[in-house]
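**Student:** Below is the file coords37.txt, with compact mmCIF, C-alpha atoms.
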# COMPACT_ATOMS: atom_id res chain seq x y z
CA MET A 1 0.00 0.00 0.00
CA ASN A 2 1.36 3.44 -0.81
CA ASN A 3 1.06 6.41 1.49
CA SER A 4 -1.24 8.55 -0.60
CA GLY A 5 -3.89 10.50 1.24
CA PHE A 6 -6.52 8.99 -1.07
CA THR A 7 -5.60 5.45 -0.10
CA PHE A 8 -5.62 6.20 3.61
CA SER A 9 -8.92 8.05 3.23
CA ARG A 10 -10.53 4.99 1.66
CA VAL A 11 -9.38 2.52 4.34
CA ARG A 12 -10.33 5.00 7.05
CA GLU A 13 -13.86 5.09 5.62
CA LYS A 14 -13.97 1.28 5.76
CA MET A 15 -12.90 1.44 9.41
CA LEU A 16 -15.74 3.82 10.20
CA GLU A 17 -18.24 1.57 8.43
CA GLU A 18 -17.03 -1.31 10.56
CA MET A 19 -17.42 0.78 13.73
CA LEU A 20 -21.04 1.45 12.75
CA ASN A 21 -21.65 -2.24 12.09
CA LEU A 22 -20.19 -3.09 15.50
CA GLY A 23 -22.63 -0.77 17.23
CA VAL A 24 -20.88 2.56 17.65
CA GLN A 25 -23.75 5.06 17.42
CA ASP A 26 -22.31 8.42 18.42
CA PHE A 27 -21.36 10.29 15.25
CA ARG A 28 -19.24 12.69 17.31
CA VAL A 29 -16.91 9.78 18.02
CA LEU A 30 -16.90 8.61 14.42
CA ASP A 31 -16.15 12.14 13.24
CA ALA A 32 -13.16 12.39 15.59
CA MET A 33 -11.87 9.01 14.43
CA ASN A 34 -12.20 10.14 10.84
CA LYS A 35 -10.11 13.23 11.54
CA VAL A 36 -7.29 11.47 13.43
CA LYS A 37 -4.88 9.65 11.12
CA ARG A 38 -4.20 6.38 12.93
CA HIS A 39 -1.26 5.43 10.69
CA ILE A 40 0.71 8.34 12.17
CA PHE A 41 0.74 6.50 15.52
CA VAL A 42 2.35 3.25 14.32
CA ASP A 43 5.63 2.38 12.61
CA GLU A 44 5.68 2.77 8.84
CA ALA A 45 5.94 -1.00 8.44
CA LEU A 46 2.44 -1.25 9.97
CA HIS A 47 0.82 1.53 7.93
CA SER A 48 -0.94 -0.98 5.69
CA ARG A 49 -2.79 -2.38 8.75
CA ALA A 50 -3.34 0.87 10.62
CA TYR A 51 -7.09 1.02 9.92
CA GLU A 52 -7.88 -2.61 10.59
CA ASN A 53 -9.85 -3.31 13.76
CA ILE A 54 -6.89 -4.82 15.58
CA ALA A 55 -4.41 -3.81 18.26
CA LEU A 56 -0.92 -3.14 16.90
CA THR A 57 2.45 -3.15 18.61
CA ILE A 58 4.08 0.19 19.40
CA GLY A 59 7.16 -1.32 21.05
CA TYR A 60 8.14 -1.79 24.70
CA LYS A 61 5.54 -4.59 25.05
CA GLN A 62 2.75 -2.03 24.51
CA THR A 63 0.01 -1.75 21.90
CA ILE A 64 -2.26 0.81 20.30
CA SER A 65 -5.80 -0.32 21.09
CA GLN A 66 -8.06 -1.59 18.33
CA PRO A 67 -10.28 1.17 16.89
CA PHE A 68 -13.51 -0.35 18.25
CA THR A 69 -12.15 -0.32 21.80
CA VAL A 70 -11.11 3.33 21.46
CA ALA A 71 -14.53 4.20 20.04
CA ARG A 72 -16.37 2.24 22.72
CA MET A 73 -14.50 3.86 25.61
CA THR A 74 -14.86 7.34 24.15
CA GLU A 75 -18.57 6.84 23.48
CA GLU A 76 -19.17 5.74 27.07
CA LEU A 77 -17.23 8.70 28.44
CA ILE A 78 -19.22 11.31 26.50
CA ARG A 79 -22.58 9.50 26.47
CA ASP A 80 -24.36 11.94 28.80
CA HIS A 81 -22.48 15.02 27.60
CA ARG A 82 -24.61 16.55 24.88
CA GLY A 83 -24.42 19.74 22.91
CA SER A 84 -21.42 21.58 21.54
CA LYS A 85 -19.83 22.47 24.88
CA LYS A 86 -16.61 20.60 25.55
CA PHE A 87 -15.40 19.09 28.79
CA SER A 88 -12.91 21.30 30.57
CA ARG A 89 -10.32 18.60 31.36
CA LEU A 90 -9.99 14.89 30.61
CA LEU A 91 -7.33 12.44 31.78
CA GLU A 92 -5.96 9.35 30.06
CA ILE A 93 -3.79 6.92 32.02
CA GLY A 94 -1.54 4.73 29.90
CA SER A 95 -1.51 7.05 26.90
CA GLY A 96 1.01 4.99 24.91
CA CYS A 97 1.56 6.47 21.45
CA GLY A 98 -1.09 9.17 21.98
CA TYR A 99 -3.92 7.89 19.78
CA GLN A 100 -6.69 7.78 22.40
CA SER A 101 -5.61 11.18 23.73
CA ALA A 102 -5.80 12.54 20.18
CA ILE A 103 -9.40 11.33 19.91
CA LEU A 104 -10.23 12.88 23.29
CA SER A 105 -8.75 16.20 22.15
CA PHE A 106 -11.96 16.85 20.18
CA PHE A 107 -14.06 16.66 23.34
CA ALA A 108 -12.12 18.73 25.88
CA ASP A 109 -10.35 22.05 26.22
CA GLU A 110 -7.43 20.15 27.75
CA VAL A 111 -6.41 16.47 27.79
CA VAL A 112 -3.68 15.18 30.08
CA GLY A 113 -2.11 11.85 29.15
CA LEU A 114 0.06 9.90 31.58
CA GLU A 115 2.58 7.40 30.23
CA ARG A 116 5.14 5.50 32.33
CA ILE A 117 7.52 4.57 29.47
CA GLN A 118 9.67 7.54 28.53
CA PRO A 119 10.33 6.76 24.82
CA LEU A 120 6.56 6.49 24.28
CA VAL A 121 6.12 9.88 25.93
CA ILE A 122 8.54 11.36 23.40
CA LYS A 123 6.94 9.52 20.50
CA SER A 124 3.39 10.47 21.43
CA ARG A 125 4.37 14.13 21.70
CA GLU A 126 5.86 13.92 18.19
CA ASN A 127 2.71 12.24 16.86
CA LEU A 128 0.43 14.91 18.31
CA ARG A 129 2.70 17.67 17.01
CA THR A 130 2.60 16.12 13.53
CA LEU A 131 -1.20 16.30 13.57
CA GLY A 132 -1.25 19.83 14.94
CA ILE A 133 -3.05 18.82 18.14
CA ARG A 134 -2.12 21.39 20.78
CA ASN A 135 -4.55 20.80 23.64
CA VAL A 136 -3.00 17.51 24.82
CA LEU A 137 -0.28 17.41 27.47
CA ILE A 138 1.62 14.13 27.74
CA LYS A 139 3.44 13.60 31.04
CA HIS A 140 5.99 10.94 32.02
CA ALA A 141 4.27 9.69 35.15
CA ASP A 142 3.01 6.66 37.08
CA GLY A 143 -0.77 6.55 36.92
CA MET A 144 -0.97 4.22 39.93
CA ALA A 145 0.88 6.68 42.18
CA ASP A 146 -0.56 9.68 43.98
CA ILE A 147 -1.47 11.97 41.09
CA SER A 148 -3.82 14.24 43.04
CA ASP A 149 -1.55 17.19 42.29
CA LEU A 150 -2.92 17.11 38.73
CA GLY A 151 -6.22 18.47 40.03
CA LYS A 152 -9.77 17.55 39.07
CA PHE A 153 -11.00 16.13 35.77
CA ASP A 154 -14.36 15.78 34.04
CA GLY A 155 -13.62 12.17 33.13
CA ILE A 156 -10.87 9.56 33.05
CA ILE A 157 -10.02 6.81 30.57
CA CYS A 158 -7.51 4.11 31.49
CA ALA A 159 -5.79 2.27 28.64
CA ALA A 160 -4.12 -0.28 30.89
CA ALA A 161 -5.74 -2.78 33.24
CA PRO A 162 -5.23 -2.97 37.00
CA ILE A 163 -6.18 -6.23 38.68
CA VAL A 164 -8.66 -4.35 40.90
CA PHE A 165 -10.27 -0.97 40.42
CA GLN A 166 -8.15 1.96 41.57
CA ASP A 167 -10.77 3.80 43.62
CA HIS A 168 -8.48 6.78 44.26
CA LEU A 169 -9.37 7.83 40.71
CA LEU A 170 -12.89 8.71 41.90
CA GLU A 171 -11.36 11.42 44.09
CA MET A 172 -10.10 13.14 40.93
CA ILE A 173 -13.49 13.59 39.24
CA GLY A 174 -16.62 15.56 40.00
CA ILE A 175 -20.19 14.42 40.64
CA GLY A 176 -21.61 12.73 37.54
CA ALA A 177 -18.20 12.21 35.94
CA LYS A 178 -16.97 8.79 34.82
CA VAL A 179 -13.93 6.56 34.95
CA ILE A 180 -13.75 4.13 32.01
CA ILE A 181 -11.32 1.36 32.89
CA PRO A 182 -10.52 -2.28 32.10
CA VAL A 183 -10.14 -4.39 35.24
CA GLY A 184 -8.85 -7.92 35.81
CA ILE A 185 -6.04 -10.32 35.09
CA ALA A 186 -4.97 -11.21 31.55
CA GLY A 187 -7.63 -13.27 29.81
CA GLN A 188 -10.34 -12.23 32.27
CA GLN A 189 -10.55 -8.46 31.85
CA LYS A 190 -13.81 -6.58 31.61
CA LEU A 191 -14.39 -2.97 30.70
CA HIS A 192 -16.10 -1.03 33.51
CA VAL A 193 -17.78 2.35 33.81
CA TYR A 194 -17.63 3.92 37.27
CA THR A 195 -19.77 7.02 37.80
CA LYS A 196 -19.27 9.28 40.82
CA LEU A 197 -22.43 9.97 42.81
CA GLU A 198 -23.24 12.14 45.80
CA ASN A 199 -21.73 11.51 49.25
CA ASP A 200 -18.62 9.76 47.90
CA GLU A 201 -20.71 6.94 46.48
CA PHE A 202 -20.44 5.57 42.95
CA SER A 203 -22.24 3.30 40.52
CA SER A 204 -20.53 0.70 38.36
CA GLN A 205 -21.43 -0.98 35.10
CA GLU A 206 -19.63 -3.94 33.53
CA LEU A 207 -19.35 -3.86 29.75
CA ASP A 208 -17.38 -5.95 27.25
CA ALA A 209 -14.62 -8.48 27.68
CA VAL A 210 -11.38 -6.72 26.65
CA SER A 211 -7.65 -7.33 26.46
CA PHE A 212 -5.28 -4.62 27.68
CA VAL A 213 -1.70 -4.55 28.85
CA PRO A 214 -1.47 -4.61 32.67
CA MET A 215 -1.28 -1.38 34.63
CA LEU A 216 2.11 -1.38 36.34
CA ASN A 217 3.70 0.69 39.11
CA GLY A 218 6.58 3.05 38.54
CA VAL A 219 8.08 4.82 35.55
CA SER A 220 10.45 3.33 32.99
CA ALA A 221 13.23 4.65 30.78
CA GLY A 222 12.22 2.01 28.24
CA ASP A 223 15.33 -0.14 28.62
So that I can check it, write out the structure of this file as structure tokens.

**Tutor:**
Amino acid sequence: MNNSGFTFSRVREKMLEEMLNLGVQDFRVLDAMNKVKRHIFVDEALHSRAYENIALTIGYKQTISQPFTVARMTEELIRDHRGSKKFSRLLEIGSGCGYQSAILSFFADEVVGLERIQPLVIKSRENLRTLGIRNVLIKHADGMADISDLGKFDGIICAAAPIVFQDHLLEMIGIGAKVIIPVGIAGQQKLHVYTKLENDEFSSQELDAVSFVPMLNGVSAGD
């Protein structure tokens, strides 16, 4: 496959058709996915597969999530947020190569992405710069540590799976806001939606079976 814009446009349209067939209904999400060039986020050797509905390696034992998973998590996050007004701030934990954060950039004034592997931090910043996305801040940080100094967010997406839910994340969102997160050991992960309620209570909903890299402690130089 060559790298012509026409060719990528055609396979991107096929990806969007597949998202519709799989049940993605929010056209705001589909529009964002149409605007973000997924091939930018993977090595050139993988460009020919960039718009297939599969996870692809980005090095360091990490992957870029399959498009349907990105669409599903984004759709759940914005489901009750209607109209043209954007969220003020969104957080992604495990931002990898920056693709999910790029999608979220269409729905918030500011997106903060946390990535524990330093070379991926550098790469994701380059990817976002290439696409001219300026409202995403990628930080080299441990998402399982105390990150309360980052302040409050209107929603959180986690692109790595802890074995149990990290309930400290609920302290970082306001009433009615959501944490979208895969939980469980490899082979038994489920996607969950946690919504913060009044009086420090929350509701939870279990969605699809998923497969994410594990959420690990600490930061890494990528050695």

**Student:** Which polymer residues, whether protein, DNA or RNA, lie within 12 Å of the coordinate (-0.8, 12.8, 40.7) when you count all atoms listed in the file? List them as number ranges by chain, using the chain letters and numbers from the file.

**Tutor:** A: 91, 93, 112-114, 139-153, 168-169, 171-172

**Student:** Taking into account only C-alpha atoms, which residue in the set A:Ser101, A:Gln118, A:Gln188, A:Asn127 is nearest to A:Phe212?

**Tutor:** A:Gln188

**Student:** Taking 3 positions as the minimum chain separation for residues in the same chain, which residues sit within 8 Å of stretch 36-38 of chain A when counting only C-alpha atoms? Answer as a list in words.

**Tutor:** Ala32, Met33, Phe41, Val42, Ala50, Tyr51, Tyr99, Ala102, Ile103 and Leu131 of chain A

**Student:** If you count only C-alpha atoms, which residues fall within 10 Å of A:Arg89, apart from same-chain ones fewer than 6 positions away, as a VMD selection string?

**Tutor:** chain A and resid 104 to 105 107 to 112 135 to 136 151 to 156 173

**Student:** Considering all atoms listed in the file, tabulate each residue of stretch 50-72 of chain A that lies at most 9 Å from stretch 6-29 of chain A along with its nearest interatomic pair and the corresponding distance in Å to one decimal; arrange the rows by chain and ascending residue number and present them as a tab-separated table.

**Tutor:**
residue	atom	partner	partner_atom	distance
A:Ala50	CA	A:Val11	CA	8.9
A:Tyr51	CA	A:Met15	CA	5.8
A:Glu52	CA	A:Met15	CA	6.6
A:Asn53	CA	A:Met15	CA	7.1
A:Pro67	CA	A:Met19	CA	7.8
A:Phe68	CA	A:Met19	CA	6.1
A:Ala71	CA	A:Val29	CA	6.4
A:Arg72	CA	A:Val24	CA	6.8

**Student:** Check the smallest atom-to-atom distance from each of A:Asp31, A:Ile157, A:Asp167, A:Gly98 to A:Ile133 using only C-alpha atoms, then report the winner.

**Tutor:**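 Of A:Asp31, A:Ile157, A:Asp167, A:Gly98, the one nearest A:Ile133 is A:Gly98, counting only C-alpha atoms.
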
**Student:** Which of these residues is nearest to A:Tyr60, using all atoms listed in the file: A:Arg116, A:Arg134, A:Lys190, A:Lys178?

**Tutor:** A:Arg116

**Student:** Which is closest to A:Leu77 among A:Val213, A:Val179, A:Leu137, A:Ile122, if we use all atoms listed in the file?

**Tutor:**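 Closest to A:Leu77 of all the choices is A:Val179.
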
**Student:** Between A:Gln62, A:Ser203, A:Thr57, A:Thr69, which has the minimum distance to A:Leu216 (counting only C-alpha atoms)?

**Tutor:** A:Gln62

**Student:** Between A:Ser84, A:Gln189, A:Gly222, A:Ile40, which has the minimum distance to A:Gly132 (counting all atoms listed in the file)?

**Tutor:**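 Residue with the minimum atom-to-atom distance to A:Gly132: A:Ile40.
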
**Student:** Report the distance between atom CA of A:Asp208 and atom CA of A:Ile78 in Å, rounded to one decimal place.

**Tutor:**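 Interatomic distance, atom CA of A:Asp208 to atom CA of A:Ile78: 17.4 Å.
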
**Student:** Could you tell me how far atom CA of A:Gly184 lies from atom CA of A:Gly96, in Å and to one decimal?

**Tutor:**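 A separation of 19.6 Å between them.
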
**Student:** What is the distance between atom CA of A:Gly59 and atom CA of A:Ala186, in Å to one decimal?

**Tutor:** 18.8 Å

**Student:** Quick one: residues within 6 Å of A:Ile181, only C-alpha atoms, excluding same-chain residues fewer than 6 positions away - as JSON, numbers by chain?

**Tutor:** {"A": [158, 191, 192]}

**Student:** Next, write the just-selected residues to a file, as a compact mmCIF listing (two decimals), keeping the file's coordinate frame, keeping C-alpha atoms as the atom set.

**Tutor:**
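Contents of the output file out11.txt:
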# COMPACT_ATOMS: atom_id res chain seq x y z
CA CYS A 158 -7.51 4.11 31.49
CA LEU A 191 -14.39 -2.97 30.70
CA HIS A 192 -16.10 -1.03 33.51

**Student:** Using all atoms listed in the file, which protein or nucleic acid residues come within 10 Å of A:Asp80? Drop anything in the same chain fewer than 4 positions from it, and give the result as a list of chain:residue names.

**Tutor:**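 These residues fall inside the cut-off: A:Glu75, A:Glu76, A:Gly176, A:Ala177.
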